[in-house]
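Chemist: Handing you a structure now.
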Number of protein chains: 4
Amino acid sequence: MSDEIIMPMWTGDYYNEGTGKDSIFDKLKEECGVFGVFGHSEAASLSYYGLHALQHRGEESAGICVSDGKEFNYHRGMGLVKEVFDRDKLLSLRGDRSIGHVRYSTSGDSRLANAQPLIFKYRDGDLAVATNGNIVNAPKIRQELEMSGSIFQTTSDTEVIAHLIARSSKDFVEAAKDALGQLVGGFAFLLLTNDKLIVASDPHGLRPLTMGRLGDAYLFSSETCAFEVVGAEMIRDIQPGEMLVLDQNGLREERFAEPQRKALCAMEYIYFSRPDSDLNGSNLHSSRKRMGKIMAQESFVDADVVTGVPDSSISAAIGYAEQTGIPYELGLIKNKYTGRTFIQPSQELREQGVKMKLSAVRRVVEGKRVVMIDDSIVRGTTSRRIVNLLREVGATEVHVRITSPPFKNPCFYGIDTPDRGELIASYKTIEEICLEINADSLQFLSPEGLIQAVGGDSRSEYKGGLCMACFDNDYPTRTDFDGEEKFGCNC
Amino acid sequence: MSDEIIMPMWTGDYYNEGTGKDSIFDKLKEECGVFGVFGHSEAASLSYYGLHALQHRGEESAGICVSDGKEFNYHRGMGLVKEVFDRDKLLSLRGDRSIGHVRYSTSGDSRLANAQPLIFKYRDGDLAVATNGNIVNAPKIRQELEMSGSIFQTTSDTEVIAHLIARSSKDFVEAAKDALGQLVGGFAFLLLTNDKLIVASDPHGLRPLTMGRLGDAYLFSSETCAFEVVGAEMIRDIQPGEMLVLDQNGLREERFAEPQRKALCAMEYIYFSRPDSDLNGSNLHSSRKRMGKIMAQESFVDADVVTGVPDSSISAAIGYAEQTGIPYELGLIKNKYTGRTFIQPSQELREQGVKMKLSAVRRVVEGKRVVMIDDSIVRGTTSRRIVNLLREVGATEVHVRITSPPFKNPCFYGIDTPDRGELIASYKTIEEICLEINADSLQFLSPEGLIQAVGGDSRSEYKGGLCMACFDNDYPTRTDFDGEEKFGCNC
Amino acid sequence: MSDEIIMPMWTGDYYNEGTGKDSIFDKLKEECGVFGVFGHSEAASLSYYGLHALQHRGEESAGICVSDGKEFNYHRGMGLVKEVFDRDKLLSLRGDRSIGHVRYSTSGDSRLANAQPLIFKYRDGDLAVATNGNIVNAPKIRQELEMSGSIFQTTSDTEVIAHLIARSSKDFVEAAKDALGQLVGGFAFLLLTNDKLIVASDPHGLRPLTMGRLGDAYLFSSETCAFEVVGAEMIRDIQPGEMLVLDQNGLREERFAEPQRKALCAMEYIYFSRPDSDLNGSNLHSSRKRMGKIMAQESFVDADVVTGVPDSSISAAIGYAEQTGIPYELGLIKNKYTGRTFIQPSQELREQGVKMKLSAVRRVVEGKRVVMIDDSIVRGTTSRRIVNLLREVGATEVHVRITSPPFKNPCFYGIDTPDRGELIASYKTIEEICLEINADSLQFLSPEGLIQAVGGDSRSEYKGGLCMACFDNDYPTRTDFDGEEKFGCNC
Amino acid sequence: MSDEIIMPMWTGDYYNEGTGKDSIFDKLKEECGVFGVFGHSEAASLSYYGLHALQHRGEESAGICVSDGKEFNYHRGMGLVKEVFDRDKLLSLRGDRSIGHVRYSTSGDSRLANAQPLIFKYRDGDLAVATNGNIVNAPKIRQELEMSGSIFQTTSDTEVIAHLIARSSKDFVEAAKDALGQLVGGFAFLLLTNDKLIVASDPHGLRPLTMGRLGDAYLFSSETCAFEVVGAEMIRDIQPGEMLVLDQNGLREERFAEPQRKALCAMEYIYFSRPDSDLNGSNLHSSRKRMGKIMAQESFVDADVVTGVPDSSISAAIGYAEQTGIPYELGLIKNKYTGRTFIQPSQELREQGVKMKLSAVRRVVEGKRVVMIDDSIVRGTTSRRIVNLLREVGATEVHVRITSPPFKNPCFYGIDTPDRGELIASYKTIEEICLEINADSLQFLSPEGLIQAVGGDSRSEYKGGLCMACFDNDYPTRTDFDGEEKFGCNC
């Protein structure tokens, strides 16, 4: 077998590594996934397989809420989809409409109470909410609600929208429209009552949300890969500012806001979404391979071997190799069995050379000049570590190529980034970073190269229809309210 | 291999699929891994990380037995290494010498009682045994032992050697030498008492077993990848018929049998061993890439895309692409989160299109002529299924290239193969198989191509130092005793 | 009680049997227990042992919320106290003030989301609430709150008080006073913020709540037995309508309502509280023994043996034996190992004679006239079953003596009773019940006898300071609001 | 409720307390229980309920082996019966004959590998063995076996008999007869092959073993209480030296040894067996009540209250109270929820007064002269602790009455006793013990009183048919072989 080319960026263990338990991996963290069904008698089972396909977007908790038109049945728990649900629990979730969620969250809030879908009881009955993203003005809205007597049970932004709906005197659809209209940020929402499913995407379409069909049923998912898994057909993306209403009368297309310039998260292309998903009509493995090829054009370096940091950068590395003719080899390998219950080696054993999850392959690297492809540099610690791994097994040169522009600014739309001050590209030059990570050379993909690579339907749009604020500080929305900046993910 | 959709050699989820729970995957099953330590104060922890690196060789049970020179401490359990051991259990295993084991076994015998290392108490004290392989004449020996009053607690071959040693009137080393000398088959043995560690490989070296050093300690492992993980240096392979004795006097090299022609299992090269392991001085990813390249020379076909069946055939697919210039693409993808607790879709949902673990990527494949690289075909059912997956998402042609000769004969040395009659290549021509699996063309790697690809130190040896009996019916040992053929793995 | 074959008040296995899984046991269900600490550095550990002593009051979920004066640490889970907490979880609950809860609930609401203490975030910060009892007008208040936009996450009455407090413009103490003043029903409340602990009992003192001291710390518990276990001294009961405020200024005694006539639940004396607890200055084992003695005076019957239905009626049976001189014997025995995971016998095995949890002792009963003491009859099915068990092993006569008056009316103050129509005493005469349960004679304790038996400080009060509404239909509060009667427990 | 009269001596938590985790309870430990079925289609389910009734005899592991006449199905595990088996496992155990086991063992050997029934494969097929007791000459036999080449996998005596059978050249029944005939000690054996069940009791009948019928099936159990639970009828005890053979020809009564004087373990009467079991035709609750009455005659003391140490001494305490007219009260209470996962209080909390599992009831004891009934004194530490508990809550006098003679000698027949030097009665006078345990007076039941109390069919036999070696040093068998004394339990 080769090098796990598959599943570049979405292997479970990988993200755990960023939770602070394993300091060598300071990767960006995912920001949740949602999956909705309307009109299929096995809504819960489809959700199970759909969420399983979205597992890479959040491994901390999972939940499904189903309605049979009369009442909710739901189950949520900590852990992977396959751990949270067993056959009995799945069978008990009867109904033909559902919303489901997988969640990543910062450790402080990793309580079961925050696991989605959140369930509320209000004047008009039951309401379930699942979301992906971040609402920049949630603290301000929350404060206003509290001042007029609202109580909250979670720290999740998601609870805000339920309060706004419950306080409205309008009917559910209008109340939801008003509530969504008050939110600033990047978000995909699924709202379920016993008779309606509402699906909405923020005015810039910052977070991916797409619609599919399976027979007569409508499906909604953060990524298209979930449609393939359940045998559904992808129909179209939810548009910026759009709100779909599904009930016994079928599907109704509405808006809660005028569409703003399309600004889909660039990191979804670079790193988060599964390589077999499509974004804007373009397959992500292919996009990443193009990133590697363009990278090769922009910053060629003569070398003996190209290798990618598993799993996220394999596609780009193959592209780089294809473009340059330098052979692609398996210079780095990751142990896939590692997971939450894995016992980390003691400091003493580490010093003796016991590896964590990634190791370099001596026979491949020894005596070679290596081009190492990675997708991003956050704090720089991981890059340094990997470069050193390669040197320890005998690489004579290590040239690092990053398939994104320098990451300089925090995300306000659902990606859990460290403070700006910890982002190495915000305070060091490329030369300084190169020195810091102990590389022989370091190059980043240009913004233009990135836009060219994502291709698909996006090319003619402003910045290719991408949000690149983390690279260029050009945020599509206001980011501060009451003087407080709220970045990260707060699903 | 084809009938291995998923993850040949080292992804956890994989082997479970063959236990009968998931009938669509009819792949070959791994045959256990062993890891030994002599002379390191953290023998148990090193074993934990070492066995974790060998996890792909057996996911059913794991065990470690440690001695501090006076008494044994051991723990065994069902499941992955990380599931069987927690920190407390690991800490309780004090001592500087140890043997460990990961085990795959056929479902009927998957009892905890069979988990290795097996522990025995006999006249001279405690004895622990861990093994990888299959002893062809074990039933015969067992019968003789039973006739003279022996009782057995397991169905494992491993118990036979303990009886032979206990019945000998010689000292432990001589008794072990005699006992090993009576065994016919392919095996790697680790035998531990409170003062000695014995390490042995069968007279043909059918199963891999290698020695490393970490400081003053000696390590032994089924594969070299485990050395890299613990920071150890690989020294050399254990020779056919060799028996090493380690005790307070250090390492002593002995023989229990004259070496026969070297005949290392070809499937270790093709499929079982991890791509970052070395066999006979050659890295396996590189060997597999060479298989792909030679395959391309032997049976080129014009196409738009090369794709490999994950995870086993990615290296070969990249080699094929590199050789032909046809771009390598991610046409098939596997969900890594799938595992033992995963709920399989109902028949009804499968018919509606819910996928198991592998899916084809429409955007990559649609309208394309595809070369699909796989490592072997066992019954043919999986290959057919994958070809059809590719066709369903729009492949116009599917050309299957297998990086091994046709698999026609059962293995008697530790690989769990079906009966000869179920091996499709034993009763169909290549043309018939091509038809059966619904491919546009089908080619297998030639035996000569395979020998050329494994390279390393092997080229000058007879058949490259390989056992290729599963392809050519030329078994290096007798295979029947008392008229009974005993194939498969019975660790 | 009869319909409580097993273990009235404090054996784990017991209450589960009533959750519908085991339809033969139709007993009354417990209504939760609370335990509070103020001013002890090991507040969480004390709560663990205290709640463990109150385990008989609720086996479904347990929770502890601790504050260190700045922030909350809490943990809740389904199951017994010993199952919900492990050492690590307990150690993580740092702080010197806490409230804890054990909960029984009807099966429909047995979700983790309802496990107490409930935690709320509101304008002034964090609020935790634990309660025991039932608020009769909660649905009405809830409806009003919903109409003005409140959302609820649980079905618990407990959430109502948090909303009332959050909506008040007064400070926390005054807001709590107002909120408590709006509630009608029987309840004991513990309210915790980061700087205050508020403790309150309803205006009739329907549910027990008592105060103790351990060094400088104040403790609060549903029963005194928890004080003994943690080495604390019992100080006094919380008075009807009383509200205690504890903060950095110490303990302040306030009232949220004028005290009404004392009306402590009679079933606490008869059945619920542990025999080693004191109520109103009287030990419960002694009170129950007096019930048996008075019963013997009121309705003597000549017999060979007295036996009590375990565990609830042993004390009364011994009293009956002591008074009459008829020997007390062990005629019925219960298996204490039975619990949630116990596999119930199939219908077929039951018919062959496989017993559930209770069996009659042949050698003790055979050929004897038996007096069988039980505490109550709910539907009559269990009593009938036990009488028959005794007859099957050879009892010649079975005389049933119940140490409470006939149970005719549902409870509105926290005991989970069936509908009035299912209470056998509400529609049958004593003679008819006797026939129904297949007894030779049946007598109930008189209300006067019960009042005399509870003794202690209660004798001079109206009805001995007891609520006996379940016997005499004289409810101390209004029981209907908006035409809807809300009985049972809704913690 | 009263004081847990039920279940005197057999509550799970109790025995755990003696495992060293909880030093205040230095109770004797149980020595396993066996349950056999021959000829019932639901053999496994009957075994489950039967073993559950015998749970007090061993809480460490449980196992059932069933045969359908062709092959074994078995399952064993650590923990209580209800924890080891779930519905699926039970259903998978198909067959009409079975043997089952619950096991207590000293901590050093508490490995799953030792859980019974032990399963062996030998010349004639499968053999399962379950036993209760101790074989005094097992080490000697084992040594002989090892010298001739036998290997052992456990430290259990049980393995010895399997080797003896396997080495015999006779048929199974004769081989078993010979093997049993070589054993010296106290034991009850169940031996199962695919066509036969063999049941045997040692030549003195030291351990209880009884036969029952359920329809056409034969049942065998360590205690009669298990028959009542499954609806079976008790037939008779297995006689000393008897060996029953059950196969397709029905039941055959044989002997492997001449019967010796009947010497049933006195501690079974006093403490181990369930109060609802019968021994020698006498109910144990009644026997224990008689012990209390005779005790009262032998050593009356004027007092205000009689209390028993739960759970084992409640019956005797009631007898004492009945005889003297001093009221029986609930002066000591034990928390039944305590179990393996319970977190023990820290030393600091204990010093502050946090109780373990037993507490004294202040209202009952304060200002009173107390007679405290217990069943035995081993080291004296527990007695001292309980006396002090009573004093702390205000007892003015504490008079201890023990319903057995002083325990001075270790048991060689299956009860796990400390070394002779730790038995307080072996080195102190009664007066000294009284001082040591801080009692006002201390009396033991006389041997004659004990014999009188056990009554039943035993009165005319030598020493009432009892083994009282632990009191009088008169062991019914040899106790040393090769100079080594082997006491305790080694199932």
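Chain labels run A, B, ... following the order of the structure tokens; each chain numbers its residues from 1, and ligands are numbered from 1 in the order shown.
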Looking only at alpha helix (DSSP H) from DSSP on the backbone, list the matching residues of range 220-320 of chain C as a VMD selection string.

Modeler: chain C and resid 225 to 230 266 to 267 284 to 298 314 to 320

Chemist: Mind writing the picked residues with N, CA, C and O atoms as a tab-separated table (two decimals), in the first residue's frame?

Modeler:
```tsv
chain	number	residue	atom	x	y	z
C	225	CYS	N	-30.11	10.93	57.74
C	225	CYS	CA	-29.15	9.83	57.63
C	225	CYS	C	-27.88	10.27	56.93
C	225	CYS	O	-26.80	9.75	57.20
C	226	ALA	N	-27.98	11.24	56.03
C	226	ALA	CA	-26.80	11.72	55.32
C	226	ALA	C	-25.86	12.48	56.24
C	226	ALA	O	-24.64	12.52	56.01
C	227	PHE	N	-26.40	13.09	57.28
C	227	PHE	CA	-25.52	13.78	58.24
C	227	PHE	C	-24.67	12.77	59.00
C	227	PHE	O	-23.48	12.97	59.21
C	228	GLU	N	-25.31	11.71	59.45
C	228	GLU	CA	-24.58	10.70	60.21
C	228	GLU	C	-23.41	10.16	59.39
C	228	GLU	O	-22.30	9.99	59.89
C	229	VAL	N	-23.66	9.92	58.14
C	229	VAL	CA	-22.64	9.32	57.27
C	229	VAL	C	-21.43	10.22	57.11
C	229	VAL	O	-20.30	9.74	57.01
C	230	VAL	N	-21.65	11.54	57.06
C	230	VAL	CA	-20.49	12.43	56.89
C	230	VAL	C	-19.98	12.97	58.22
C	230	VAL	O	-19.12	13.86	58.26
C	266	ALA	N	-46.93	11.86	55.00
C	266	ALA	CA	-47.02	10.67	55.85
C	266	ALA	C	-46.25	9.48	55.27
C	266	ALA	O	-45.74	8.64	56.01
C	267	MET	N	-46.18	9.43	53.96
C	267	MET	CA	-45.48	8.30	53.34
C	267	MET	C	-43.97	8.33	53.60
C	267	MET	O	-43.30	7.31	53.46
C	284	LEU	N	-36.99	6.62	62.48
C	284	LEU	CA	-38.02	6.00	61.64
C	284	LEU	C	-38.16	4.50	61.86
C	284	LEU	O	-39.25	3.96	61.73
C	285	HIS	N	-37.08	3.82	62.14
C	285	HIS	CA	-37.22	2.40	62.48
C	285	HIS	C	-38.13	2.27	63.70
C	285	HIS	O	-39.04	1.43	63.72
C	286	SER	N	-37.91	3.12	64.68
C	286	SER	CA	-38.73	3.06	65.90
C	286	SER	C	-40.18	3.41	65.59
C	286	SER	O	-41.12	2.76	66.09
C	287	SER	N	-40.37	4.41	64.76
C	287	SER	CA	-41.75	4.79	64.39
C	287	SER	C	-42.44	3.62	63.70
C	287	SER	O	-43.61	3.31	63.96
C	288	ARG	N	-41.72	2.97	62.81
C	288	ARG	CA	-42.34	1.87	62.08
C	288	ARG	C	-42.60	0.67	62.99
C	288	ARG	O	-43.58	-0.04	62.81
C	289	LYS	N	-41.71	0.48	63.93
C	289	LYS	CA	-41.95	-0.61	64.89
C	289	LYS	C	-43.21	-0.30	65.70
C	289	LYS	O	-44.04	-1.20	65.93
C	290	ARG	N	-43.36	0.99	66.05
C	290	ARG	CA	-44.60	1.37	66.76
C	290	ARG	C	-45.82	1.15	65.88
C	290	ARG	O	-46.87	0.76	66.36
C	291	MET	N	-45.70	1.44	64.59
C	291	MET	CA	-46.83	1.16	63.68
C	291	MET	C	-47.22	-0.31	63.76
C	291	MET	O	-48.40	-0.66	63.81
C	292	GLY	N	-46.20	-1.17	63.79
C	292	GLY	CA	-46.48	-2.61	63.88
C	292	GLY	C	-47.15	-2.96	65.20
C	292	GLY	O	-48.09	-3.78	65.24
C	293	LYS	N	-46.70	-2.34	66.28
C	293	LYS	CA	-47.29	-2.64	67.59
C	293	LYS	C	-48.73	-2.16	67.68
C	293	LYS	O	-49.62	-2.87	68.17
C	294	ILE	N	-48.96	-0.95	67.20
C	294	ILE	CA	-50.32	-0.41	67.25
C	294	ILE	C	-51.23	-1.24	66.35
C	294	ILE	O	-52.37	-1.55	66.68
C	295	MET	N	-50.71	-1.61	65.20
C	295	MET	CA	-51.44	-2.50	64.28
C	295	MET	C	-51.85	-3.77	65.02
C	295	MET	O	-52.99	-4.26	64.86
C	296	ALA	N	-50.92	-4.30	65.80
C	296	ALA	CA	-51.21	-5.54	66.54
C	296	ALA	C	-52.33	-5.33	67.53
C	296	ALA	O	-53.18	-6.21	67.77
C	297	GLN	N	-52.35	-4.15	68.12
C	297	GLN	CA	-53.43	-3.86	69.07
C	297	GLN	C	-54.75	-3.67	68.34
C	297	GLN	O	-55.80	-4.11	68.79
C	298	GLU	N	-54.70	-2.99	67.21
C	298	GLU	CA	-55.93	-2.70	66.48
C	298	GLU	C	-56.50	-3.93	65.80
C	298	GLU	O	-57.70	-4.07	65.66
C	314	ILE	N	-39.95	-4.69	57.47
C	314	ILE	CA	-39.32	-5.52	58.48
C	314	ILE	C	-39.47	-4.90	59.86
C	314	ILE	O	-39.80	-5.59	60.83
C	315	SER	N	-39.25	-3.59	59.97
C	315	SER	CA	-39.37	-2.93	61.27
C	315	SER	C	-40.76	-3.12	61.84
C	315	SER	O	-40.94	-3.49	63.01
C	316	ALA	N	-41.77	-2.87	61.02
C	316	ALA	CA	-43.14	-3.01	61.50
C	316	ALA	C	-43.44	-4.46	61.87
C	316	ALA	O	-44.14	-4.73	62.86
C	317	ALA	N	-42.92	-5.38	61.11
C	317	ALA	CA	-43.17	-6.79	61.41
C	317	ALA	C	-42.57	-7.19	62.76
C	317	ALA	O	-43.17	-7.94	63.53
C	318	ILE	N	-41.37	-6.68	63.01
C	318	ILE	CA	-40.75	-6.97	64.31
C	318	ILE	C	-41.59	-6.38	65.44
C	318	ILE	O	-41.77	-6.99	66.49
C	319	GLY	N	-42.12	-5.18	65.22
C	319	GLY	CA	-43.00	-4.57	66.22
C	319	GLY	C	-44.24	-5.41	66.45
C	319	GLY	O	-44.67	-5.65	67.59
C	320	TYR	N	-44.81	-5.87	65.36
C	320	TYR	CA	-46.01	-6.70	65.46
C	320	TYR	C	-45.71	-7.97	66.25
C	320	TYR	O	-46.48	-8.38	67.13
```

Chemist: Residues at most 12 Å from Pro275 in chain D, counting only C-alpha atoms, excluding those fewer than 5 positions away in the same chain, as a PyMOL selection string?

Modeler: (chain C and resi 329-335+360-364) or (chain D and resi 5-11+53-54+56+223-225+268-270+282-289+311-316)

Chemist: Show me a table, sorted first by chain and then by increasing residue number, of the residues of chain B having an atom at most 9 Å from chain D, each with its shortest atom pair and the distance in Å to one decimal, counting only C-alpha atoms and written as JSON lines.

Modeler:
```
{"residue": "B:Ala113", "atom": "CA", "partner": "D:Ala113", "partner_atom": "CA", "distance": 7.5}
{"residue": "B:Leu118", "atom": "CA", "partner": "D:Gln153", "partner_atom": "CA", "distance": 8.5}
{"residue": "B:Ile119", "atom": "CA", "partner": "D:Gln153", "partner_atom": "CA", "distance": 6.3}
{"residue": "B:Phe120", "atom": "CA", "partner": "D:Gln153", "partner_atom": "CA", "distance": 4.9}
{"residue": "B:Lys121", "atom": "CA", "partner": "D:Phe152", "partner_atom": "CA", "distance": 4.8}
{"residue": "B:Tyr122", "atom": "CA", "partner": "D:Ile151", "partner_atom": "CA", "distance": 4.7}
{"residue": "B:Arg123", "atom": "CA", "partner": "D:Glu146", "partner_atom": "CA", "distance": 4.8}
{"residue": "B:Asp124", "atom": "CA", "partner": "D:Glu146", "partner_atom": "CA", "distance": 8.6}
{"residue": "B:Gln143", "atom": "CA", "partner": "D:Arg123", "partner_atom": "CA", "distance": 7.4}
{"residue": "B:Leu145", "atom": "CA", "partner": "D:Arg123", "partner_atom": "CA", "distance": 8.6}
{"residue": "B:Glu146", "atom": "CA", "partner": "D:Arg123", "partner_atom": "CA", "distance": 4.8}
{"residue": "B:Met147", "atom": "CA", "partner": "D:Arg123", "partner_atom": "CA", "distance": 5.8}
{"residue": "B:Ser148", "atom": "CA", "partner": "D:Arg167", "partner_atom": "CA", "distance": 6.7}
{"residue": "B:Gly149", "atom": "CA", "partner": "D:Arg167", "partner_atom": "CA", "distance": 4.0}
{"residue": "B:Ser150", "atom": "CA", "partner": "D:Ala166", "partner_atom": "CA", "distance": 6.4}
{"residue": "B:Ile151", "atom": "CA", "partner": "D:Tyr122", "partner_atom": "CA", "distance": 4.7}
{"residue": "B:Phe152", "atom": "CA", "partner": "D:Lys121", "partner_atom": "CA", "distance": 4.9}
{"residue": "B:Gln153", "atom": "CA", "partner": "D:Phe120", "partner_atom": "CA", "distance": 5.0}
{"residue": "B:Thr154", "atom": "CA", "partner": "D:Lys121", "partner_atom": "CA", "distance": 7.7}
{"residue": "B:Thr155", "atom": "CA", "partner": "D:Lys121", "partner_atom": "CA", "distance": 8.6}
{"residue": "B:Ala162", "atom": "CA", "partner": "D:Ile151", "partner_atom": "CA", "distance": 7.5}
{"residue": "B:His163", "atom": "CA", "partner": "D:Ile151", "partner_atom": "CA", "distance": 6.6}
{"residue": "B:Leu164", "atom": "CA", "partner": "D:Gly149", "partner_atom": "CA", "distance": 8.4}
{"residue": "B:Ile165", "atom": "CA", "partner": "D:Gly149", "partner_atom": "CA", "distance": 8.2}
{"residue": "B:Ala166", "atom": "CA", "partner": "D:Gly149", "partner_atom": "CA", "distance": 4.7}
{"residue": "B:Arg167", "atom": "CA", "partner": "D:Gly149", "partner_atom": "CA", "distance": 4.0}
{"residue": "B:Ser168", "atom": "CA", "partner": "D:Gly149", "partner_atom": "CA", "distance": 7.2}
{"residue": "B:Ser169", "atom": "CA", "partner": "D:Gly149", "partner_atom": "CA", "distance": 8.5}
```

Chemist: Got time to write the residues from that selection, C-alpha atoms, as a compact mmCIF listing (two decimals), in the first residue's frame?

Modeler:
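As written to disk, selection04.txt reads:
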```txt
# COMPACT_ATOMS: atom_id res chain seq x y z
CA ALA B 113 -8.39 -17.67 25.82
CA LEU B 118 0.14 -17.66 26.00
CA ILE B 119 1.40 -18.27 29.51
CA PHE B 120 2.35 -21.69 30.85
CA LYS B 121 3.58 -22.97 34.17
CA TYR B 122 5.75 -26.04 33.99
CA ARG B 123 8.45 -27.82 35.90
CA ASP B 124 11.05 -25.11 35.42
CA GLN B 143 -2.67 -35.78 18.57
CA LEU B 145 0.62 -35.38 22.83
CA GLU B 146 -3.03 -35.98 23.67
CA MET B 147 -2.60 -39.70 23.32
CA SER B 148 -0.01 -39.57 26.05
CA GLY B 149 -2.20 -37.49 28.37
CA SER B 150 -1.67 -33.85 27.49
CA ILE B 151 -4.54 -31.42 27.93
CA PHE B 152 -4.96 -28.25 25.92
CA GLN B 153 -6.73 -25.07 26.74
CA THR B 154 -6.68 -23.41 23.36
CA THR B 155 -6.97 -24.30 19.72
CA ALA B 162 5.04 -25.44 25.20
CA HIS B 163 4.10 -29.08 25.64
CA LEU B 164 7.11 -30.23 23.66
CA ILE B 165 9.40 -28.14 25.83
CA ALA B 166 7.76 -29.24 29.10
CA ARG B 167 8.10 -32.88 28.17
CA SER B 168 11.77 -32.66 27.34
CA SER B 169 14.26 -33.72 29.93
```

Chemist: Please give the complete set of residues from range 175-233 of chain B that DSSP, run on the backbone, assigns to strand (DSSP E), formatted as a ChimeraX atom specification.

Modeler: /B:185-192,197-201,210-214,217-221,233

Chemist: Could you pull the residues within 10 Å of Phe407 in chain A, counting only C-alpha atoms, minus those fewer than 6 positions along the same chain, as a list of chain:residue names?

Modeler: A:Ser376, A:Ile377, A:Val378, A:Arg379, A:Thr417, A:Arg420, A:Leu423, A:Ile424, A:Ala425, A:Ser426, A:Phe444, A:Met468, A:Ala469, A:Cys470, A:Phe471, A:Asp472, A:Asn473

Chemist: Skip range 346-349 of chain C itself and residues of its chain fewer than 2 positions away, then list as a PyMOL selection string all residues within 12 Å of it, counting only C-alpha atoms.

Modeler: (chain C and resi 22+343-344+351-356) or (chain D and resi 40-46+48-49+87+91+214+229-232)

Chemist: As number ranges by chain, please: the residues near range 365-369 of chain C (cut-off 10 Å, only C-alpha atoms, same-chain neighbours under 3 positions excluded).

Modeler: C: 301-307, 329-332, 360-362, 372, 390-399, 440

Chemist: Which residues, written as a PyMOL selection string, have at least one atom at most 8 Å from Leu183 in chain B, with only C-alpha atoms counted and residues fewer than 3 positions away on the same chain left out?

Modeler: chain B and resi 135-138+179-180

Chemist: If you count only C-alpha atoms, which residues fall within 6 Å of Ala200 in chain C, apart from same-chain ones fewer than 2 positions away, as a list in words?

Modeler: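 Everything that qualifies: Ala188, Phe189, Glu242 and Met243 of chain C.
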